[in-house]
Amino acid sequence: MKNFYKKSLAFNLAVKFSVLVAFVVLSFSAAIVFILNVNVRTRQSDELKNAARTVSERFEAFANRKDRRPSEWFEPPRPVPPVQWISEKIPYYISFSVFASKNAGVSGQAGFYSSVEKVPLAADFPKTDFFSEENLLLTNDPFMPQLALTAPKVRHYFEKDFYIDGPLDILYFSQEITLANGSSVIVQTAFSMEQDFGQHSLSGIIAILAVSFVPIVLISFAVVYFITSRTMNPVVKITEMARRINSTNLLETLPQSGSGNEIDILAQTFNEVFARLKSDFDREKQFTSDVSHELKTPMAVILGYANLIRRWGKSDPVQLDSSINRLIAEVHTMEAVVQNLLQLSRLDCGRIQLNVKKIDVMQLFSRLKADTMSWAPECTFTIENSDVGFELFADSELLYQALTIIVSNSVKFFNSSRTCKNHAIQEIQASQDSDATSAPEKLEISISARVSEDSKFQLWICDNGPGIPEKVLPHVFERFFRGDEAHTRSAGGSGLGLSIVMSIMKALGGTAFATSDGKSGTSIILEFPPSN
């Protein structure tokens with residue numbers, strides 16, 4: 001189970017998504033609480049400042065009265081205590097106090113009014129609503145202490161064990177104002193945080209978020225795990241199917257949902273890979289079989305002549321000499337096969353270092369003609385368009401090797417067809433349902449350079465040999481492929497020559513193909529891309 005949690009992609013995705021959800025929820029909740037807290041504090045600050053402004057205006061209106069009796073100070077006509085008169089204009093939950101400022105040079109009611117109004121107090125004025133000890137002039141909360149000035153800001157004040165039954169926890173605003181007569185007072189407004197509905201609401205939101213956080217994460221984990229498991233189910237099936245595929249059932253296809261999504265594309269890609277592996281595997285099996293077959297024949301010949309020498313060769317010099325010559329010939333055949341296989345292996349693995357440079361094509365043709373005439377003087381070798389200058393960027397030695405293989409094939413198969421009394425031509429013509437014709441007396445090879453209609457550079461090597469049947473033509477560049485086993489064997493070929501030509505052309509960035517009417521003559525074309 002522990003390994004399952006480590007390896008299960010659905011589980012890991014669900015855990016990661018849950019962590020992401022937790023982070024988002026916490027961040028979003030913190031942002032909401034912060035914004036609400038700022039908004040509540042801003043609203044509270046505005047209320048406290050507005051209340052302080054109202055208290056200042058009403059207190060100044062009260063303090064600037066002239067020779068009017070108390071019944072004339074207020075509206076309605078009935079005398080109203082100053083505290084009640086001011087409280088009517090501010091929210092009920094806000095406490096206010098007015099203190100005599102040190103700048104006023106007065107203390108208490110008598111000094112204040114003697115300096116500010118210059119008139120004695122009326123005898124019927126309700127003193128208990130107006131006067132407190134020391135410099136407190138007016139308040140609706142006699143327990144509210146005078147605190148430090150805060151204007152233009154609002155501050156939070158907390159003092160533990162201020163009251164008998166608890167602390168003092170308030171948000172307050174305090175500012176000093178100057179009255180019209182030049183005297184100064186301090187106006188202080190505050191409200192208790194214990195009665196703050198906004199703070200209580202925020203605390204409730206935080207509590208709700210804290211309680212719902214764990215269920216939200218668990219639910220998101222369950223939902224994501226379910227969705228991810230359903231989504232990954234095709235991948236699980238693909239994995240199980242891929243585990244069962246081996247070299248014997250590479251053609252079995254991985255399941256697809258048909259939705260065309262990324263998983264279907266992945267399955268289709270694997271199916272294509274398996275198909276290519278099947279093709280390569282079959283080709284390698286065939287290649288191994290062909291190599292075994294190719295080496296089996298000379299090994300049998302060597303074994304046969306070795307036994308012949310052991311029986312009669314010791315006493316028969318002629319038989320001994322003939323057997324030794326055949327042994328040497330078969331060893332050379334095996335050596336050629338091995339060398340060709342090594343060459344193919346190097347080309348396929350890219351282990352051959354290319355020496356690409358500019359080549360004069362006509363000089364390469366002249367070299368090929370001279371070398372061919374030295375070992376096959378009986379053939380006619382013609383270079384077409386010799387007066388036209390062609391240049392090509394390639395590895396001259398590899399390209400020369402490819403041209404030599406093609407020319408040697410023409411010579412070998414032409415001579416084989418002649419010594420077999422037109423056997424190859426007769427078989428080709430029979431497959432084409434055509435009338436039999438005699439083989440040409442002399443091999444003619446022509447080589448030319450051309451530029452195709454799509455600007456590709458081509459080298460054409462043509463002969464008047466027996467030709468290649470139409471059904472054989474598509475396979476001539478395959479390894480060990482023989483359209484005529486007896487014909488190829490009698491010519492001394494192993495079926496690897498044109499395969500090496502194709503590998504060389506791929507290494508040079510080009511390709512090769514063959515054309516033939518199946519009766520007489522074959523053309524091998526080496527084609528290079530336009531950039532050359």
# chains A, B, ... in the order shown; residues from 1 in each chain; ligands from 1

call {"tool": "select_by_dssp", "arguments": {"residues": "region 285-526 of chain A", "states": "alpha helix (DSSP H)", "output": "PyMOL selection string"}}
result
chain A and resi 285-308+317-349+361-375+396-419+423-431+485-491+497-507

call {"tool": "write_last_selection", "arguments": {"atoms": "C-alpha atoms", "output": "CSV table (one decimal), in the first residue's frame"}}
result
chain,number,residue,atom,x,y,z
A,285,LYS,CA,15.0,-12.2,-38.3
A,286,GLN,CA,15.1,-12.5,-42.1
A,287,PHE,CA,18.6,-10.9,-42.1
A,288,THR,CA,19.8,-13.5,-39.6
A,289,SER,CA,18.3,-16.2,-41.6
A,290,ASP,CA,19.8,-14.9,-44.8
A,291,VAL,CA,23.3,-14.6,-43.2
A,292,SER,CA,23.0,-18.1,-41.9
A,293,HIS,CA,22.0,-19.3,-45.3
A,294,GLU,CA,24.7,-17.3,-47.0
A,295,LEU,CA,27.4,-18.7,-44.8
A,296,LYS,CA,25.9,-22.2,-44.8
A,297,THR,CA,26.7,-22.8,-48.5
A,298,PRO,CA,30.4,-22.0,-48.4
A,299,MET,CA,30.8,-23.8,-45.1
A,300,ALA,CA,29.2,-26.9,-46.7
A,301,VAL,CA,31.5,-26.6,-49.7
A,302,ILE,CA,34.5,-26.1,-47.5
A,303,LEU,CA,33.6,-29.2,-45.5
A,304,GLY,CA,33.0,-31.2,-48.6
A,305,TYR,CA,36.3,-30.4,-50.2
A,306,ALA,CA,38.1,-30.9,-46.9
A,307,ASN,CA,36.6,-34.4,-46.7
A,308,LEU,CA,37.5,-35.0,-50.3
A,317,PRO,CA,47.7,-34.1,-56.8
A,318,VAL,CA,45.2,-32.8,-59.4
A,319,GLN,CA,42.3,-33.4,-57.0
A,320,LEU,CA,44.3,-31.8,-54.2
A,321,ASP,CA,45.0,-28.7,-56.2
A,322,SER,CA,41.4,-28.4,-57.4
A,323,SER,CA,40.1,-28.8,-53.9
A,324,ILE,CA,42.4,-26.2,-52.4
A,325,ASN,CA,41.4,-23.7,-55.1
A,326,ARG,CA,37.8,-24.2,-54.3
A,327,LEU,CA,38.5,-23.9,-50.6
A,328,ILE,CA,40.2,-20.6,-51.1
A,329,ALA,CA,37.4,-19.4,-53.4
A,330,GLU,CA,34.8,-20.2,-50.7
A,331,VAL,CA,36.8,-18.5,-48.0
A,332,HIS,CA,37.0,-15.4,-50.2
A,333,THR,CA,33.2,-15.6,-50.6
A,334,MET,CA,32.8,-15.8,-46.8
A,335,GLU,CA,35.3,-12.9,-46.3
A,336,ALA,CA,33.3,-10.8,-48.8
A,337,VAL,CA,30.1,-11.5,-47.0
A,338,VAL,CA,31.6,-10.6,-43.6
A,339,GLN,CA,33.2,-7.4,-45.0
A,340,ASN,CA,29.9,-6.3,-46.5
A,341,LEU,CA,28.1,-7.0,-43.2
A,342,LEU,CA,30.7,-4.9,-41.4
A,343,GLN,CA,30.3,-2.1,-43.9
A,344,LEU,CA,26.5,-2.1,-43.5
A,345,SER,CA,26.8,-2.1,-39.7
A,346,ARG,CA,29.1,0.9,-39.8
A,347,LEU,CA,26.8,2.8,-42.1
A,348,ASP,CA,23.7,1.9,-40.1
A,349,CYS,CA,25.3,3.0,-36.8
A,361,VAL,CA,31.6,14.6,-61.3
A,362,MET,CA,33.2,14.1,-64.7
A,363,GLN,CA,36.6,13.4,-63.1
A,364,LEU,CA,34.9,10.8,-60.8
A,365,PHE,CA,33.3,9.2,-63.9
A,366,SER,CA,36.6,9.1,-65.7
A,367,ARG,CA,38.2,7.4,-62.7
A,368,LEU,CA,35.4,4.8,-62.6
A,369,LYS,CA,35.7,4.1,-66.4
A,370,ALA,CA,39.4,3.6,-66.2
A,371,ASP,CA,39.2,1.2,-63.2
A,372,THR,CA,36.3,-0.7,-64.8
A,373,MET,CA,38.1,-1.2,-68.1
A,374,SER,CA,41.1,-2.6,-66.2
A,375,TRP,CA,39.2,-5.5,-64.7
A,396,SER,CA,34.0,11.1,-53.0
A,397,GLU,CA,35.3,7.7,-51.7
A,398,LEU,CA,31.9,6.5,-50.5
A,399,LEU,CA,30.2,7.7,-53.6
A,400,TYR,CA,32.9,6.0,-55.7
A,401,GLN,CA,32.3,2.8,-53.7
A,402,ALA,CA,28.6,2.9,-54.5
A,403,LEU,CA,29.2,3.5,-58.2
A,404,THR,CA,31.7,0.6,-58.3
A,405,ILE,CA,29.2,-1.8,-56.6
A,406,ILE,CA,26.6,-0.9,-59.2
A,407,VAL,CA,29.0,-1.4,-62.2
A,408,SER,CA,30.3,-4.6,-60.8
A,409,ASN,CA,26.8,-5.9,-60.4
A,410,SER,CA,26.1,-5.2,-64.0
A,411,VAL,CA,29.2,-7.0,-65.1
A,412,LYS,CA,28.6,-10.0,-62.8
A,413,PHE,CA,25.0,-10.5,-63.8
A,414,PHE,CA,25.7,-10.0,-67.5
A,415,ASN,CA,28.4,-12.6,-67.5
A,416,SER,CA,26.2,-15.0,-65.5
A,417,SER,CA,23.4,-14.6,-67.9
A,418,ARG,CA,25.7,-15.4,-70.8
A,419,THR,CA,27.2,-18.5,-69.2
A,423,HIS,CA,18.6,-18.7,-68.3
A,424,ALA,CA,17.9,-15.5,-66.4
A,425,ILE,CA,16.4,-13.7,-69.4
A,426,GLN,CA,14.2,-16.6,-70.2
A,427,GLU,CA,12.8,-16.6,-66.7
A,428,ILE,CA,12.2,-12.9,-66.7
A,429,GLN,CA,10.5,-13.0,-70.0
A,430,ALA,CA,8.4,-15.9,-69.0
A,431,SER,CA,7.2,-14.0,-65.9
A,485,GLU,CA,18.8,-17.6,-56.4
A,486,ALA,CA,20.6,-19.7,-59.0
A,487,HIS,CA,21.5,-16.6,-61.1
A,488,THR,CA,22.8,-14.7,-58.1
A,489,ARG,CA,24.8,-17.6,-56.7
A,490,SER,CA,26.4,-18.4,-60.0
A,491,ALA,CA,27.4,-14.7,-60.4
A,497,GLY,CA,25.7,-5.0,-52.8
A,498,LEU,CA,22.7,-2.7,-53.5
A,499,SER,CA,21.9,-2.7,-49.8
A,500,ILE,CA,25.3,-1.1,-49.2
A,501,VAL,CA,24.6,1.4,-52.0
A,502,MET,CA,21.3,2.4,-50.4
A,503,SER,CA,23.0,2.8,-47.0
A,504,ILE,CA,25.8,4.9,-48.5
A,505,MET,CA,23.2,7.2,-50.2
A,506,LYS,CA,21.3,7.6,-46.9
A,507,ALA,CA,24.6,8.5,-45.2

call {"tool": "select_by_dssp", "arguments": {"residues": "region 277-434 of chain A", "states": "strand (DSSP E or B)", "output": "mmCIF file with N, CA, C and O atoms, in the first residue's frame"}}
result
data_model
loop_
_atom_site.group_PDB
_atom_site.id
_atom_site.type_symbol
_atom_site.label_atom_id
_atom_site.label_comp_id
_atom_site.auth_asym_id
_atom_site.auth_seq_id
_atom_site.Cartn_x
_atom_site.Cartn_y
_atom_site.Cartn_z
ATOM 1 N N VAL A 356 33.105 15.246 -46.554
ATOM 2 C CA VAL A 356 32.324 15.910 -47.599
ATOM 3 C C VAL A 356 33.117 17.070 -48.177
ATOM 4 O O VAL A 356 33.637 17.916 -47.441
ATOM 5 N N LYS A 357 33.180 17.090 -49.477
ATOM 6 C CA LYS A 357 33.872 18.175 -50.187
ATOM 7 C C LYS A 357 33.295 18.272 -51.600
ATOM 8 O O LYS A 357 32.506 17.428 -52.035
ATOM 9 N N LYS A 358 33.717 19.316 -52.299
ATOM 10 C CA LYS A 358 33.214 19.510 -53.653
ATOM 11 C C LYS A 358 33.888 18.505 -54.591
ATOM 12 O O LYS A 358 35.108 18.343 -54.588
ATOM 13 N N ILE A 359 33.037 17.832 -55.389
ATOM 14 C CA ILE A 359 33.529 16.785 -56.296
ATOM 15 C C ILE A 359 33.257 17.207 -57.734
ATOM 16 O O ILE A 359 32.141 17.660 -58.058
ATOM 17 N N ASP A 360 34.252 17.025 -58.587
ATOM 18 C CA ASP A 360 34.051 17.178 -60.031
ATOM 19 C C ASP A 360 33.504 15.849 -60.544
ATOM 20 O O ASP A 360 34.220 14.835 -60.586
ATOM 21 N N THR A 380 31.648 -2.215 -72.820
ATOM 22 C CA THR A 380 31.751 -0.862 -73.373
ATOM 23 C C THR A 380 31.264 0.127 -72.322
ATOM 24 O O THR A 380 30.145 0.001 -71.813
ATOM 25 N N PHE A 381 32.095 1.126 -71.996
ATOM 26 C CA PHE A 381 31.777 2.089 -70.932
ATOM 27 C C PHE A 381 31.684 3.478 -71.566
ATOM 28 O O PHE A 381 32.661 3.960 -72.165
ATOM 29 N N THR A 382 30.522 4.108 -71.440
ATOM 30 C CA THR A 382 30.287 5.407 -72.073
ATOM 31 C C THR A 382 29.930 6.440 -71.010
ATOM 32 O O THR A 382 29.083 6.176 -70.135
ATOM 33 N N ILE A 383 30.558 7.607 -71.090
ATOM 34 C CA ILE A 383 30.220 8.744 -70.207
ATOM 35 C C ILE A 383 29.447 9.759 -71.021
ATOM 36 O O ILE A 383 29.960 10.324 -71.996
ATOM 37 N N GLU A 391 29.226 19.690 -60.529
ATOM 38 C CA GLU A 391 29.898 19.611 -59.238
ATOM 39 C C GLU A 391 28.912 19.165 -58.176
ATOM 40 O O GLU A 391 27.719 19.501 -58.237
ATOM 41 N N LEU A 392 29.426 18.437 -57.188
ATOM 42 C CA LEU A 392 28.563 17.846 -56.170
ATOM 43 C C LEU A 392 29.305 17.844 -54.837
ATOM 44 O O LEU A 392 30.503 17.562 -54.786
ATOM 45 N N PHE A 393 28.585 18.181 -53.743
ATOM 46 C CA PHE A 393 29.166 18.100 -52.406
ATOM 47 C C PHE A 393 28.835 16.731 -51.805
ATOM 48 O O PHE A 393 27.668 16.422 -51.546
ATOM 49 N N ALA A 394 29.851 15.905 -51.612
ATOM 50 C CA ALA A 394 29.658 14.557 -51.061
ATOM 51 C C ALA A 394 31.003 13.993 -50.656
ATOM 52 O O ALA A 394 32.055 14.613 -50.861
ATOM 53 N N ASP A 395 30.963 12.799 -50.066
ATOM 54 C CA ASP A 395 32.181 12.057 -49.752
ATOM 55 C C ASP A 395 32.571 11.289 -51.014
ATOM 56 O O ASP A 395 31.877 10.339 -51.410
#

call {"tool": "closest_residue", "arguments": {"among": "A:Ser452, A:Ser18, A:Ser192, A:Gln44", "to": "Leu218 (chain A)", "atoms": "only C-alpha atoms"}}
result
A:Ser18

call {"tool": "residues_around", "arguments": {"residues": "Arg155 (chain A)", "least_positions_apart": "4", "cutoff": "12 Å", "atoms": "only C-alpha atoms", "output": "mmCIF file with all heavy atoms, in the first residue's frame"}}
result
data_model
loop_
_atom_site.group_PDB
_atom_site.id
_atom_site.type_symbol
_atom_site.label_atom_id
_atom_site.label_comp_id
_atom_site.auth_asym_id
_atom_site.auth_seq_id
_atom_site.Cartn_x
_atom_site.Cartn_y
_atom_site.Cartn_z
ATOM 1 N N ARG A 41 -12.653 48.682 10.104
ATOM 2 C CA ARG A 41 -11.886 49.699 10.815
ATOM 3 C C ARG A 41 -12.049 51.073 10.173
ATOM 4 O O ARG A 41 -12.115 52.101 10.873
ATOM 5 C CB ARG A 41 -10.419 49.308 10.861
ATOM 6 C CG ARG A 41 -10.108 48.218 11.864
ATOM 7 C CD ARG A 41 -10.507 48.688 13.273
ATOM 8 N NE ARG A 41 -10.370 47.639 14.252
ATOM 9 C CZ ARG A 41 -9.262 47.391 14.929
ATOM 10 N NH1 ARG A 41 -8.173 48.107 14.708
ATOM 11 N NH2 ARG A 41 -9.225 46.425 15.828
ATOM 12 N N THR A 42 -12.112 51.086 8.849
ATOM 13 C CA THR A 42 -12.328 52.372 8.170
ATOM 14 C C THR A 42 -13.684 52.952 8.536
ATOM 15 O O THR A 42 -13.817 54.163 8.812
ATOM 16 C CB THR A 42 -12.222 52.180 6.651
ATOM 17 O OG1 THR A 42 -10.926 51.648 6.326
ATOM 18 C CG2 THR A 42 -12.406 53.497 5.914
ATOM 19 N N GLN A 44 -15.452 52.277 11.230
ATOM 20 C CA GLN A 44 -15.416 52.668 12.632
ATOM 21 C C GLN A 44 -14.657 53.979 12.833
ATOM 22 O O GLN A 44 -15.072 54.837 13.636
ATOM 23 C CB GLN A 44 -14.768 51.543 13.456
ATOM 24 C CG GLN A 44 -15.606 50.278 13.522
ATOM 25 C CD GLN A 44 -14.854 49.122 14.153
ATOM 26 O OE1 GLN A 44 -13.630 49.157 14.273
ATOM 27 N NE2 GLN A 44 -15.598 48.094 14.568
ATOM 28 N N SER A 45 -13.558 54.124 12.102
ATOM 29 C CA SER A 45 -12.797 55.372 12.211
ATOM 30 C C SER A 45 -13.628 56.556 11.755
ATOM 31 O O SER A 45 -13.629 57.621 12.403
ATOM 32 C CB SER A 45 -11.518 55.268 11.381
ATOM 33 O OG SER A 45 -10.702 54.218 11.839
ATOM 34 N N LEU A 48 -16.176 57.394 14.465
ATOM 35 C CA LEU A 48 -15.589 58.079 15.611
ATOM 36 C C LEU A 48 -15.224 59.523 15.256
ATOM 37 O O LEU A 48 -15.440 60.460 16.060
ATOM 38 C CB LEU A 48 -14.351 57.338 16.093
ATOM 39 C CG LEU A 48 -14.595 55.996 16.807
ATOM 40 C CD1 LEU A 48 -13.276 55.311 17.120
ATOM 41 C CD2 LEU A 48 -15.390 56.201 18.085
ATOM 42 N N LYS A 49 -14.694 59.763 14.089
ATOM 43 C CA LYS A 49 -14.334 61.121 13.681
ATOM 44 C C LYS A 49 -15.580 61.977 13.483
ATOM 45 O O LYS A 49 -15.603 63.164 13.892
ATOM 46 C CB LYS A 49 -13.517 61.070 12.390
ATOM 47 C CG LYS A 49 -12.135 60.462 12.570
ATOM 48 C CD LYS A 49 -11.377 60.392 11.251
ATOM 49 C CE LYS A 49 -10.009 59.762 11.440
ATOM 50 N NZ LYS A 49 -9.252 59.672 10.174
ATOM 51 N N LEU A 147 -7.225 59.917 27.413
ATOM 52 C CA LEU A 147 -6.096 59.237 26.770
ATOM 53 C C LEU A 147 -5.330 60.194 25.879
ATOM 54 O O LEU A 147 -5.749 61.341 25.678
ATOM 55 C CB LEU A 147 -6.607 58.049 25.948
ATOM 56 C CG LEU A 147 -7.406 56.997 26.722
ATOM 57 C CD1 LEU A 147 -7.992 55.973 25.777
ATOM 58 C CD2 LEU A 147 -6.520 56.312 27.766
ATOM 59 N N ALA A 148 -4.235 59.714 25.322
ATOM 60 C CA ALA A 148 -3.379 60.544 24.480
ATOM 61 C C ALA A 148 -4.097 60.950 23.201
ATOM 62 O O ALA A 148 -4.996 60.257 22.715
ATOM 63 C CB ALA A 148 -2.090 59.794 24.145
ATOM 64 N N LEU A 149 -3.682 62.123 22.666
ATOM 65 C CA LEU A 149 -4.266 62.606 21.419
ATOM 66 C C LEU A 149 -3.907 61.634 20.277
ATOM 67 O O LEU A 149 -2.807 61.075 20.232
ATOM 68 C CB LEU A 149 -3.751 64.001 21.094
ATOM 69 C CG LEU A 149 -4.128 65.117 22.073
ATOM 70 C CD1 LEU A 149 -3.429 66.417 21.695
ATOM 71 C CD2 LEU A 149 -5.625 65.319 22.119
ATOM 72 N N THR A 150 -4.838 61.451 19.353
ATOM 73 C CA THR A 150 -4.616 60.542 18.216
ATOM 74 C C THR A 150 -4.771 61.211 16.868
ATOM 75 O O THR A 150 -4.363 60.639 15.863
ATOM 76 C CB THR A 150 -5.608 59.370 18.280
ATOM 77 O OG1 THR A 150 -6.934 59.870 18.103
ATOM 78 C CG2 THR A 150 -5.503 58.629 19.595
ATOM 79 N N ALA A 151 -5.446 62.350 16.806
ATOM 80 C CA ALA A 151 -5.769 62.979 15.525
ATOM 81 C C ALA A 151 -4.514 63.101 14.654
ATOM 82 O O ALA A 151 -3.429 63.432 15.156
ATOM 83 C CB ALA A 151 -6.391 64.352 15.760
ATOM 84 N N ASP A 169 -11.042 47.822 26.739
ATOM 85 C CA ASP A 169 -10.697 47.496 25.344
ATOM 86 C C ASP A 169 -11.536 48.391 24.442
ATOM 87 O O ASP A 169 -12.721 48.135 24.218
ATOM 88 C CB ASP A 169 -10.971 46.021 25.060
ATOM 89 C CG ASP A 169 -10.441 45.585 23.699
ATOM 90 O OD1 ASP A 169 -9.755 46.395 23.042
ATOM 91 O OD2 ASP A 169 -10.730 44.444 23.297
ATOM 92 N N ILE A 170 -10.931 49.464 23.928
ATOM 93 C CA ILE A 170 -11.691 50.454 23.163
ATOM 94 C C ILE A 170 -10.929 50.834 21.899
ATOM 95 O O ILE A 170 -9.710 50.646 21.790
ATOM 96 C CB ILE A 170 -11.966 51.725 23.994
ATOM 97 C CG1 ILE A 170 -10.639 52.384 24.408
ATOM 98 C CG2 ILE A 170 -12.849 51.433 25.191
ATOM 99 C CD1 ILE A 170 -10.814 53.736 25.063
ATOM 100 N N LEU A 171 -11.695 51.388 20.975
ATOM 101 C CA LEU A 171 -11.152 52.063 19.809
ATOM 102 C C LEU A 171 -11.546 53.520 19.976
ATOM 103 O O LEU A 171 -12.736 53.837 20.132
ATOM 104 C CB LEU A 171 -11.742 51.473 18.528
ATOM 105 C CG LEU A 171 -11.076 51.895 17.211
ATOM 106 C CD1 LEU A 171 -9.686 51.292 17.111
ATOM 107 C CD2 LEU A 171 -11.922 51.451 16.009
ATOM 108 N N TYR A 172 -10.590 54.453 19.967
ATOM 109 C CA TYR A 172 -10.935 55.835 20.308
ATOM 110 C C TYR A 172 -10.246 56.817 19.384
ATOM 111 O O TYR A 172 -9.269 56.512 18.709
ATOM 112 C CB TYR A 172 -10.570 56.118 21.763
ATOM 113 C CG TYR A 172 -9.113 56.420 22.003
ATOM 114 C CD1 TYR A 172 -8.665 57.746 22.140
ATOM 115 C CD2 TYR A 172 -8.174 55.400 22.116
ATOM 116 C CE1 TYR A 172 -7.325 58.023 22.360
ATOM 117 C CE2 TYR A 172 -6.841 55.673 22.348
ATOM 118 C CZ TYR A 172 -6.408 56.993 22.467
ATOM 119 O OH TYR A 172 -5.082 57.269 22.682
ATOM 120 N N PHE A 173 -10.832 58.040 19.399
ATOM 121 C CA PHE A 173 -10.298 59.165 18.630
ATOM 122 C C PHE A 173 -10.256 60.369 19.550
ATOM 123 O O PHE A 173 -11.240 60.693 20.230
ATOM 124 C CB PHE A 173 -11.180 59.457 17.419
ATOM 125 C CG PHE A 173 -10.757 60.665 16.627
ATOM 126 C CD1 PHE A 173 -9.655 60.629 15.794
ATOM 127 C CD2 PHE A 173 -11.475 61.862 16.730
ATOM 128 C CE1 PHE A 173 -9.271 61.746 15.071
ATOM 129 C CE2 PHE A 173 -11.088 62.978 16.002
ATOM 130 C CZ PHE A 173 -9.985 62.921 15.158
ATOM 131 N N SER A 174 -9.136 61.058 19.592
ATOM 132 C CA SER A 174 -8.979 62.200 20.495
ATOM 133 C C SER A 174 -8.273 63.324 19.757
ATOM 134 O O SER A 174 -7.220 63.091 19.144
ATOM 135 C CB SER A 174 -8.171 61.795 21.742
ATOM 136 O OG SER A 174 -7.980 62.897 22.591
ATOM 137 N N GLN A 175 -8.889 64.537 19.828
ATOM 138 C CA GLN A 175 -8.279 65.680 19.180
ATOM 139 C C GLN A 175 -8.506 66.936 20.020
ATOM 140 O O GLN A 175 -9.476 67.041 20.776
ATOM 141 C CB GLN A 175 -8.841 65.881 17.766
ATOM 142 C CG GLN A 175 -10.294 66.289 17.728
ATOM 143 C CD GLN A 175 -10.782 66.585 16.316
ATOM 144 O OE1 GLN A 175 -9.980 66.671 15.391
ATOM 145 N NE2 GLN A 175 -12.085 66.775 16.167
ATOM 146 N N GLN A 188 -12.904 63.632 22.918
ATOM 147 C CA GLN A 188 -12.520 62.221 22.808
ATOM 148 C C GLN A 188 -13.763 61.371 22.590
ATOM 149 O O GLN A 188 -14.734 61.474 23.341
ATOM 150 C CB GLN A 188 -11.787 61.785 24.073
ATOM 151 C CG GLN A 188 -11.359 60.323 24.072
ATOM 152 C CD GLN A 188 -10.574 59.969 25.311
ATOM 153 O OE1 GLN A 188 -9.478 60.498 25.549
ATOM 154 N NE2 GLN A 188 -11.137 59.095 26.132
ATOM 155 N N THR A 189 -13.748 60.552 21.540
ATOM 156 C CA THR A 189 -14.844 59.624 21.270
ATOM 157 C C THR A 189 -14.285 58.211 21.255
ATOM 158 O O THR A 189 -13.133 57.984 20.838
ATOM 159 C CB THR A 189 -15.517 59.921 19.919
ATOM 160 O OG1 THR A 189 -14.526 59.913 18.894
ATOM 161 C CG2 THR A 189 -16.218 61.281 19.947
ATOM 162 N N ALA A 190 -15.104 57.247 21.669
ATOM 163 C CA ALA A 190 -14.639 55.857 21.749
ATOM 164 C C ALA A 190 -15.826 54.915 21.769
ATOM 165 O O ALA A 190 -16.962 55.332 22.041
ATOM 166 C CB ALA A 190 -13.784 55.658 22.994
ATOM 167 N N PHE A 191 -15.551 53.673 21.422
ATOM 168 C CA PHE A 191 -16.560 52.639 21.650
ATOM 169 C C PHE A 191 -15.851 51.345 22.013
ATOM 170 O O PHE A 191 -14.703 51.109 21.637
ATOM 171 C CB PHE A 191 -17.513 52.454 20.473
ATOM 172 C CG PHE A 191 -16.864 52.001 19.202
ATOM 173 C CD1 PHE A 191 -16.504 50.690 19.001
ATOM 174 C CD2 PHE A 191 -16.640 52.909 18.182
ATOM 175 C CE1 PHE A 191 -15.924 50.292 17.824
ATOM 176 C CE2 PHE A 191 -16.058 52.504 17.000
ATOM 177 C CZ PHE A 191 -15.701 51.202 16.821
ATOM 178 N N MET A 193 -14.711 47.609 22.175
ATOM 179 C CA MET A 193 -14.490 46.535 21.209
ATOM 180 C C MET A 193 -15.286 45.291 21.567
ATOM 181 O O MET A 193 -15.559 44.460 20.703
ATOM 182 C CB MET A 193 -13.004 46.189 21.149
ATOM 183 C CG MET A 193 -12.119 47.339 20.673
ATOM 184 S SD MET A 193 -12.484 47.867 18.997
ATOM 185 C CE MET A 193 -11.919 46.456 18.092
#

call {"tool": "atom_distance", "arguments": {"atom1": "CA of Trp460 (chain A)", "atom2": "CA of Ser446 (chain A)"}}
result
8.0 Å

call {"tool": "residues_around", "arguments": {"residues": "Arg450 (chain A)", "least_positions_apart": "5", "cutoff": "9 Å", "atoms": "only C-alpha atoms", "output": "JSON, numbers by chain"}}
result
{"A": [385, 390, 456, 457, 458, 459, 460]}

call {"tool": "residues_around", "arguments": {"residues": "Gly258 (chain A)", "least_positions_apart": "6", "cutoff": "12 Å", "atoms": "only C-alpha atoms", "output": "PyMOL selection string"}}
result
chain A and resi 234+264-265+267-268

call {"tool": "atom_distance", "arguments": {"atom1": "CA of Ile461 (chain A)", "atom2": "CA of Phe528 (chain A)"}}
result
14.6 Å

call {"tool": "closest_residue", "arguments": {"among": "A:Val21, A:Leu496, A:Cys379, A:Leu13", "to": "Asp463 (chain A)", "atoms": "only C-alpha atoms"}}
result
A:Cys379
